[in-house]
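Raw contents of target_21.cif, mmCIF, C-alpha atoms and all ligand atoms:
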```
data_query
loop_
_atom_site.label_atom_id
_atom_site.label_comp_id
_atom_site.auth_asym_id
_atom_site.auth_seq_id
_atom_site.Cartn_x
_atom_site.Cartn_y
_atom_site.Cartn_z
CA MET O 1 0.00 0.00 0.00
CA HIS O 2 1.18 3.45 -0.84
CA ALA O 3 0.58 6.19 1.70
CA MET O 4 -0.18 9.38 -0.18
CA THR O 5 2.18 12.26 0.34
CA ILE O 6 1.72 15.98 -0.08
CA LYS O 7 4.77 17.13 -2.02
CA PRO O 8 6.38 20.57 -1.79
CA LEU O 9 5.48 22.83 -4.72
CA VAL O 10 8.11 24.35 -6.99
CA LEU O 11 7.56 28.12 -7.12
CA LEU O 12 8.44 30.90 -9.54
CA PRO O 13 11.25 31.83 -10.30
CA ASP O 14 12.72 28.31 -9.83
CA PRO O 15 14.35 27.36 -13.19
CA VAL O 16 12.98 23.82 -12.79
CA LEU O 17 9.64 25.20 -14.04
CA ARG O 18 11.32 25.95 -17.39
CA LYS O 19 12.44 22.34 -17.93
CA GLN O 20 11.08 20.26 -20.79
CA SER O 21 9.34 17.17 -19.36
CA VAL O 22 9.91 13.76 -20.97
CA ASP O 23 7.41 11.06 -21.96
CA ILE O 24 6.56 8.30 -19.52
CA GLU O 25 7.61 5.00 -21.11
CA ARG O 26 5.61 2.63 -18.95
CA VAL O 27 2.62 3.26 -16.69
CA ASP O 28 3.52 1.19 -13.63
CA GLU O 29 2.90 1.33 -9.87
CA SER O 30 5.48 4.09 -9.35
CA VAL O 31 3.73 6.27 -11.94
CA ARG O 32 0.35 5.61 -10.30
CA ALA O 33 1.83 6.45 -6.89
CA LEU O 34 3.14 9.75 -8.28
CA ALA O 35 -0.32 10.49 -9.75
CA ASP O 36 -1.92 9.87 -6.34
CA ASP O 37 0.63 12.12 -4.60
CA MET O 38 0.03 14.84 -7.19
CA LEU O 39 -3.75 14.65 -6.64
CA GLU O 40 -3.26 14.81 -2.87
CA THR O 41 -0.95 17.81 -3.29
CA MET O 42 -3.41 19.53 -5.67
CA TYR O 43 -6.44 19.03 -3.38
CA ASP O 44 -4.44 20.21 -0.38
CA ALA O 45 -3.31 23.45 -2.07
CA PRO O 46 -6.18 23.71 -3.18
CA GLY O 47 -6.02 23.82 -6.96
CA ILE O 48 -7.76 22.34 -10.01
CA GLY O 49 -4.68 21.23 -11.96
CA LEU O 50 -1.09 20.20 -11.33
CA ALA O 51 1.76 19.08 -13.60
CA ALA O 52 4.52 16.74 -12.37
CA ILE O 53 7.17 19.42 -12.97
CA GLN O 54 5.44 21.51 -10.27
CA VAL O 55 6.58 18.92 -7.73
CA GLY O 56 10.02 18.82 -9.38
CA ILE O 57 9.54 15.76 -11.61
CA ALA O 58 10.18 16.38 -15.32
CA ARG O 59 7.84 13.68 -16.67
CA ARG O 60 4.79 14.22 -18.85
CA MET O 61 1.95 13.72 -16.42
CA LEU O 62 -0.70 16.03 -15.06
CA VAL O 63 -3.76 15.78 -12.87
CA ILE O 64 -6.94 17.82 -13.13
CA ASP O 65 -10.20 18.07 -11.23
CA CYS O 66 -12.51 20.77 -12.63
CA SER O 67 -15.58 19.66 -10.62
CA LYS O 68 -17.46 22.37 -8.73
CA ASP O 69 -17.26 22.56 -4.93
CA GLU O 70 -20.74 21.07 -4.43
CA GLU O 71 -20.08 18.19 -6.87
CA ASP O 72 -18.31 14.89 -6.21
CA LYS O 73 -14.57 14.85 -6.85
CA ALA O 74 -13.72 14.04 -10.48
CA PRO O 75 -9.95 13.52 -10.72
CA ILE O 76 -8.45 12.82 -14.15
CA VAL O 77 -4.86 11.67 -14.70
CA PHE O 78 -3.31 12.55 -18.06
CA ILE O 79 -0.09 10.79 -19.06
CA ASN O 80 1.82 11.89 -22.20
CA PRO O 81 -1.05 14.21 -23.25
CA GLN O 82 -0.99 15.52 -26.80
CA ILE O 83 -3.23 18.18 -28.31
CA LEU O 84 -4.54 16.75 -31.61
CA SER O 85 -6.62 19.78 -32.60
CA SER O 86 -7.68 23.19 -31.32
CA SER O 87 -10.74 25.24 -32.26
CA ASP O 88 -10.48 28.62 -33.96
CA GLU O 89 -13.02 29.84 -31.43
CA ARG O 90 -11.38 31.29 -28.34
CA SER O 91 -12.38 31.71 -24.74
CA ILE O 92 -11.03 33.81 -21.90
CA TYR O 93 -10.62 32.60 -18.33
CA GLU O 94 -8.95 34.14 -15.32
CA GLU O 95 -6.05 31.79 -14.64
CA GLY O 96 -3.87 31.22 -11.63
CA CYS O 97 -1.11 28.70 -10.91
CA LEU O 98 0.00 26.84 -7.78
CA SER O 99 3.59 27.76 -8.70
CA ILE O 100 2.68 31.46 -8.82
CA PRO O 101 0.45 31.81 -5.74
CA ASP O 102 -2.10 34.64 -5.50
CA TYR O 103 -1.47 36.01 -8.98
CA TYR O 104 -4.30 35.89 -11.53
CA ALA O 105 -4.65 37.08 -15.11
CA GLU O 106 -7.16 36.72 -17.94
CA ILE O 107 -5.75 34.46 -20.65
CA GLU O 108 -7.20 33.78 -24.10
CA ARG O 109 -6.89 30.25 -25.47
CA PRO O 110 -8.67 27.98 -27.97
CA ALA O 111 -12.14 27.22 -26.57
CA GLU O 112 -12.14 23.53 -27.55
CA ILE O 113 -9.37 20.98 -27.91
CA VAL O 114 -9.04 17.28 -28.62
CA VAL O 115 -6.41 15.58 -26.47
CA ASP O 116 -4.94 12.12 -26.74
CA TYR O 117 -3.42 10.62 -23.55
CA LEU O 118 -2.82 7.54 -21.43
CA ASP O 119 -4.97 7.14 -18.34
CA ARG O 120 -3.92 5.94 -14.86
CA GLU O 121 -4.04 2.34 -16.11
CA GLY O 122 -1.93 3.11 -19.16
CA LYS O 123 -4.91 2.84 -21.52
CA GLN O 124 -5.06 5.12 -24.58
CA GLN O 125 -7.84 7.72 -24.28
CA GLN O 126 -9.12 10.69 -26.21
CA ILE O 127 -11.06 13.60 -24.76
CA ASN O 128 -12.96 16.42 -26.41
CA ALA O 129 -12.59 19.22 -23.88
CA ASP O 130 -14.30 22.58 -23.73
CA GLY O 131 -15.00 25.23 -21.09
CA LEU O 132 -12.82 25.32 -17.99
CA LEU O 133 -11.41 21.83 -18.68
CA ALA O 134 -10.05 22.95 -22.07
CA THR O 135 -8.30 25.94 -20.51
CA CYS O 136 -7.00 23.90 -17.58
CA LEU O 137 -5.62 21.18 -19.89
CA GLN O 138 -3.81 23.74 -22.06
CA HIS O 139 -2.37 25.47 -18.98
CA GLU O 140 -1.06 22.14 -17.61
CA ILE O 141 0.26 20.89 -20.98
CA ASP O 142 2.16 24.20 -21.22
CA HIS O 143 3.89 23.26 -17.94
CA LEU O 144 5.20 20.05 -19.55
CA ASN O 145 6.91 22.26 -22.15
CA GLY O 146 8.34 24.69 -19.60
CA VAL O 147 5.72 27.32 -20.42
CA LEU O 148 3.89 29.30 -17.71
CA PHE O 149 0.60 31.18 -18.02
CA ILE O 150 2.46 34.44 -17.44
CA ASP O 151 4.16 33.81 -20.80
CA HIS O 152 0.77 34.66 -22.34
CA ILE O 153 0.59 38.15 -20.75
CA SER O 154 2.52 41.27 -21.75
CA LYS O 155 6.27 41.31 -21.19
CA LEU O 156 5.93 44.33 -18.92
CA LYS O 157 3.42 42.58 -16.64
CA ARG O 158 5.40 39.35 -16.72
CA ASN O 159 8.60 41.11 -15.66
CA MET O 160 6.74 42.68 -12.74
CA VAL O 161 5.43 39.28 -11.59
CA VAL O 162 8.84 37.61 -11.90
CA LYS O 163 10.47 40.48 -9.98
CA LYS O 164 7.91 40.21 -7.18
CA PHE O 165 8.38 36.43 -6.86
CA THR O 166 12.18 36.74 -7.02
CA LYS O 167 12.01 39.13 -4.04
CA LEU O 168 9.67 36.75 -2.19
CA ALA O 169 12.05 33.82 -2.80
CA ARG O 170 14.97 35.87 -1.46
CA SER O 171 13.07 36.80 1.69
CA ARG O 172 12.12 33.12 2.21
CA GLU O 173 15.80 32.15 1.95
CA GLY O 174 16.75 34.99 4.26
CA SER O 175 14.34 33.93 6.97
CA GLN O 176 15.85 30.43 6.96
CA LEU O 177 19.33 31.69 7.89
NI NI O 201 0.09 26.15 -13.33
#
```
What would the structure in this file look like if it were written as structure tokens?
Amino acid sequence: MHAMTIKPLVLLPDPVLRKQSVDIERVDESVRALADDMLETMYDAPGIGLAAIQVGIARRMLVIDCSKDEEDKAPIVFINPQILSSSDERSIYEEGCLSIPDYYAEIERPAEIVVDYLDREGKQQQINADGLLATCLQHEIDHLNGVLFIDHISKLKRNMVVKKFTKLARSREGSQL
């Protein structure tokens, strides 16, 4: 039995977040254990999506639960996700990120996408996502390519966010001395 663990989150401006994640060759018990830990970490935060790189592991896996508060939990594990097609139609959502706490910005992305992935059992799946799930999936798949949602805002705003989080990281280090 695997006891689930809440893992520490990697925060901006840690360069780990810019790493390119690699495909998972085989979906085995260790991969499933990581998925469970990622879900536990995401629910604890709380957040609606988390990529493995956000807990420091550069492998192509992400977890999402876009269910509403009053609904039952609906966790989905995506392994080696690939966007097969994106709609021309766009939608705008206010996004945030567990690696960039308490910062939010409106981001425009394709409104609908088709994604191919392996599930928690290693079975090939395809999902036609729209609404919040489509945005969330694109945000998390970006993470696997070292891309953050702040890369979709203006350079001026992005520089301000990075500066703020660099200062925060320094003060965290300072308080540990
Ligand atoms: Ni994120």
Interface rows for chain O against ligand NI 201 (chain O): nearest pair, Å to one decimal, 8 Å, only C-alpha atoms and all ligand atoms, as a tab-separated table:
```
residue	atom	partner	partner_atom	distance
O:Gly49	CA	O:NI201	NI	7.0
O:Leu50	CA	O:NI201	NI	6.4
O:Ala51	CA	O:NI201	NI	7.3
O:Gln54	CA	O:NI201	NI	7.7
O:Gly96	CA	O:NI201	NI	6.7
O:Cys97	CA	O:NI201	NI	3.7
O:Leu98	CA	O:NI201	NI	5.6
O:Ser99	CA	O:NI201	NI	6.0
O:Ile100	CA	O:NI201	NI	7.4
O:His139	CA	O:NI201	NI	6.2
O:Glu140	CA	O:NI201	NI	6.0
O:His143	CA	O:NI201	NI	6.6
O:Leu148	CA	O:NI201	NI	6.6
O:Phe149	CA	O:NI201	NI	6.9
```
Go ahead and write the residues just picked, C-alpha atoms, as a JSON list (two decimals), keeping the file's coordinate frame.
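Contents of part.json, freshly written:
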```json
[["chain", "number", "residue", "atom", "x", "y", "z"],
["O", 49, "GLY", "CA", -4.68, 21.23, -11.96],
["O", 50, "LEU", "CA", -1.09, 20.20, -11.33],
["O", 51, "ALA", "CA", 1.76, 19.08, -13.60],
["O", 54, "GLN", "CA", 5.44, 21.51, -10.27],
["O", 96, "GLY", "CA", -3.87, 31.22, -11.63],
["O", 97, "CYS", "CA", -1.11, 28.70, -10.91],
["O", 98, "LEU", "CA", 0.00, 26.84, -7.78],
["O", 99, "SER", "CA", 3.59, 27.76, -8.70],
["O", 100, "ILE", "CA", 2.68, 31.46, -8.82],
["O", 139, "HIS", "CA", -2.37, 25.47, -18.98],
["O", 140, "GLU", "CA", -1.06, 22.14, -17.61],
["O", 143, "HIS", "CA", 3.89, 23.26, -17.94],
["O", 148, "LEU", "CA", 3.89, 29.30, -17.71],
["O", 149, "PHE", "CA", 0.60, 31.18, -18.02]]
```
*Test item: residues at most 12 Å from Cys136 (chain O), only C-alpha atoms, excluding those fewer than 3 positions along its chain, as number ranges by chain*: O: 47-51, 62-67, 76, 78, 91-97, 107-113, 129-133, 139-143, 149
Please save C-alpha atoms of the selected residues as a short mmCIF file (atom, residue, chain, number, x, y, z; two decimals), keeping the file's coordinate frame.
```
data_model
loop_
_atom_site.label_atom_id
_atom_site.label_comp_id
_atom_site.auth_asym_id
_atom_site.auth_seq_id
_atom_site.Cartn_x
_atom_site.Cartn_y
_atom_site.Cartn_z
CA GLY O 47 -6.02 23.82 -6.96
CA ILE O 48 -7.76 22.34 -10.01
CA GLY O 49 -4.68 21.23 -11.96
CA LEU O 50 -1.09 20.20 -11.33
CA ALA O 51 1.76 19.08 -13.60
CA LEU O 62 -0.70 16.03 -15.06
CA VAL O 63 -3.76 15.78 -12.87
CA ILE O 64 -6.94 17.82 -13.13
CA ASP O 65 -10.20 18.07 -11.23
CA CYS O 66 -12.51 20.77 -12.63
CA SER O 67 -15.58 19.66 -10.62
CA ILE O 76 -8.45 12.82 -14.15
CA PHE O 78 -3.31 12.55 -18.06
CA SER O 91 -12.38 31.71 -24.74
CA ILE O 92 -11.03 33.81 -21.90
CA TYR O 93 -10.62 32.60 -18.33
CA GLU O 94 -8.95 34.14 -15.32
CA GLU O 95 -6.05 31.79 -14.64
CA GLY O 96 -3.87 31.22 -11.63
CA CYS O 97 -1.11 28.70 -10.91
CA ILE O 107 -5.75 34.46 -20.65
CA GLU O 108 -7.20 33.78 -24.10
CA ARG O 109 -6.89 30.25 -25.47
CA PRO O 110 -8.67 27.98 -27.97
CA ALA O 111 -12.14 27.22 -26.57
CA GLU O 112 -12.14 23.53 -27.55
CA ILE O 113 -9.37 20.98 -27.91
CA ALA O 129 -12.59 19.22 -23.88
CA ASP O 130 -14.30 22.58 -23.73
CA GLY O 131 -15.00 25.23 -21.09
CA LEU O 132 -12.82 25.32 -17.99
CA LEU O 133 -11.41 21.83 -18.68
CA HIS O 139 -2.37 25.47 -18.98
CA GLU O 140 -1.06 22.14 -17.61
CA ILE O 141 0.26 20.89 -20.98
CA ASP O 142 2.16 24.20 -21.22
CA HIS O 143 3.89 23.26 -17.94
CA PHE O 149 0.60 31.18 -18.02
#
```
*Once you count only C-alpha atoms, which residues end up no further than 12 Å from (2.1, 0.9, -8.5) in the file's frame, shown as a list of chain:residue names?*
O:Met1, O:His2, O:Ala3, O:Arg26, O:Val27, O:Asp28, O:Glu29, O:Ser30, O:Val31, O:Arg32, O:Ala33, O:Leu34, O:Ala35, O:Asp36, O:Asp37, O:Arg120, O:Glu121, O:Gly122
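Compared by their closest atoms to Gln126 (chain O), and using all atoms listed in the file, the residues O:Gln20, O:Ser85, O:Thr5, O:Thr166 rank with O:Ser85 nearest.
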*So how many Å separate CA of Ala52 (chain O) and CA of Ser171 (chain O), to one decimal?*
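One can read the CA of Ala52 (chain O) to CA of Ser171 (chain O) distance as 25.9 Å.
Among the candidates O:Leu118, O:Ala58, O:Ile79, O:Met38, the one nearest to Pro15 (chain O) when counting only C-alpha atoms is O:Ala58.
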*asked:* I need the residue nearest Arg90 (chain O) from this list: O:Ile6, O:Leu168, O:Thr135, O:Ser21. Use all atoms listed in the file for the distance.
replied: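 Closest to Arg90 (chain O) of all the choices is O:Thr135.
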*By how many Å are CA of Phe165 (chain O) and CA of Gly56 (chain O) apart?*
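Distance reported for this atom pair: 17.9 Å.
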Any chance you could model N, CA and C atoms for region 8-36 of chain O and send them as an mmCIF file, keeping the file's coordinate frame?
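result_26.cif written:
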```
data_model
loop_
_atom_site.group_PDB
_atom_site.id
_atom_site.type_symbol
_atom_site.label_atom_id
_atom_site.label_comp_id
_atom_site.auth_asym_id
_atom_site.auth_seq_id
_atom_site.Cartn_x
_atom_site.Cartn_y
_atom_site.Cartn_z
ATOM 1 N N PRO O 8 6.156 19.126 -1.725
ATOM 2 C CA PRO O 8 6.380 20.570 -1.790
ATOM 3 C C PRO O 8 6.290 21.085 -3.225
ATOM 4 N N LEU O 9 5.662 22.253 -3.389
ATOM 5 C CA LEU O 9 5.480 22.830 -4.720
ATOM 6 C C LEU O 9 6.698 23.654 -5.141
ATOM 7 N N VAL O 10 7.050 23.541 -6.413
ATOM 8 C CA VAL O 10 8.110 24.350 -6.990
ATOM 9 C C VAL O 10 7.506 25.704 -7.368
ATOM 10 N N LEU O 11 8.122 26.781 -6.900
ATOM 11 C CA LEU O 11 7.560 28.120 -7.120
ATOM 12 C C LEU O 11 8.411 28.955 -8.066
ATOM 13 N N LEU O 12 7.739 29.879 -8.767
ATOM 14 C CA LEU O 12 8.440 30.900 -9.540
ATOM 15 C C LEU O 12 9.399 31.620 -8.604
ATOM 16 N N PRO O 13 10.638 31.958 -8.973
ATOM 17 C CA PRO O 13 11.250 31.830 -10.300
ATOM 18 C C PRO O 13 12.160 30.600 -10.437
ATOM 19 N N ASP O 14 11.872 29.509 -9.745
ATOM 20 C CA ASP O 14 12.720 28.310 -9.830
ATOM 21 C C ASP O 14 12.873 27.864 -11.299
ATOM 22 N N PRO O 15 14.127 27.750 -11.782
ATOM 23 C CA PRO O 15 14.350 27.360 -13.190
ATOM 24 C C PRO O 15 13.821 25.976 -13.546
ATOM 25 N N VAL O 16 13.557 25.150 -12.534
ATOM 26 C CA VAL O 16 12.980 23.820 -12.790
ATOM 27 C C VAL O 16 11.678 23.942 -13.595
ATOM 28 N N LEU O 17 10.924 25.001 -13.346
ATOM 29 C CA LEU O 17 9.640 25.200 -14.040
ATOM 30 C C LEU O 17 9.822 25.403 -15.543
ATOM 31 N N ARG O 18 11.046 25.718 -15.964
ATOM 32 C CA ARG O 18 11.320 25.950 -17.390
ATOM 33 C C ARG O 18 11.826 24.687 -18.101
ATOM 34 N N LYS O 19 11.956 23.596 -17.345
ATOM 35 C CA LYS O 19 12.440 22.340 -17.930
ATOM 36 C C LYS O 19 11.402 21.727 -18.872
ATOM 37 N N GLN O 20 11.910 21.026 -19.871
ATOM 38 C CA GLN O 20 11.080 20.260 -20.790
ATOM 39 C C GLN O 20 10.860 18.883 -20.156
ATOM 40 N N SER O 21 9.612 18.484 -19.950
ATOM 41 C CA SER O 21 9.340 17.170 -19.360
ATOM 42 C C SER O 21 9.408 16.077 -20.426
ATOM 43 N N VAL O 22 9.773 14.859 -20.010
ATOM 44 C CA VAL O 22 9.910 13.760 -20.970
ATOM 45 C C VAL O 22 8.762 12.750 -20.837
ATOM 46 N N ASP O 23 8.480 12.056 -21.935
ATOM 47 C CA ASP O 23 7.410 11.060 -21.960
ATOM 48 C C ASP O 23 7.622 9.976 -20.905
ATOM 49 N N ILE O 24 6.529 9.433 -20.430
ATOM 50 C CA ILE O 24 6.560 8.300 -19.520
ATOM 51 C C ILE O 24 6.482 7.032 -20.372
ATOM 52 N N GLU O 25 7.494 6.183 -20.240
ATOM 53 C CA GLU O 25 7.610 5.000 -21.110
ATOM 54 C C GLU O 25 6.618 3.907 -20.718
ATOM 55 N N ARG O 26 6.456 3.731 -19.408
ATOM 56 C CA ARG O 26 5.610 2.630 -18.950
ATOM 57 C C ARG O 26 4.788 3.104 -17.758
ATOM 58 N N VAL O 27 3.480 2.858 -17.802
ATOM 59 C CA VAL O 27 2.620 3.260 -16.690
ATOM 60 C C VAL O 27 2.591 2.118 -15.670
ATOM 61 N N ASP O 28 3.429 2.246 -14.636
ATOM 62 C CA ASP O 28 3.520 1.190 -13.630
ATOM 63 C C ASP O 28 3.091 1.734 -12.259
ATOM 64 N N GLU O 29 3.328 0.939 -11.220
ATOM 65 C CA GLU O 29 2.900 1.330 -9.870
ATOM 66 C C GLU O 29 3.537 2.645 -9.418
ATOM 67 N N SER O 30 4.810 2.863 -9.796
ATOM 68 C CA SER O 30 5.480 4.090 -9.350
ATOM 69 C C SER O 30 4.845 5.317 -10.005
ATOM 70 N N VAL O 31 4.403 5.166 -11.245
ATOM 71 C CA VAL O 31 3.730 6.270 -11.940
ATOM 72 C C VAL O 31 2.371 6.534 -11.283
ATOM 73 N N ARG O 32 1.656 5.453 -10.973
ATOM 74 C CA ARG O 32 0.350 5.610 -10.300
ATOM 75 C C ARG O 32 0.512 6.242 -8.919
ATOM 76 N N ALA O 33 1.576 5.869 -8.213
ATOM 77 C CA ALA O 33 1.830 6.450 -6.890
ATOM 78 C C ALA O 33 2.108 7.944 -7.010
ATOM 79 N N LEU O 34 2.863 8.321 -8.050
ATOM 80 C CA LEU O 34 3.140 9.750 -8.280
ATOM 81 C C LEU O 34 1.840 10.486 -8.589
ATOM 82 N N ALA O 35 0.972 9.870 -9.412
ATOM 83 C CA ALA O 35 -0.320 10.490 -9.750
ATOM 84 C C ALA O 35 -1.142 10.726 -8.484
ATOM 85 N N ASP O 36 -1.160 9.739 -7.590
ATOM 86 C CA ASP O 36 -1.920 9.870 -6.340
ATOM 87 C C ASP O 36 -1.346 10.985 -5.465
#
```
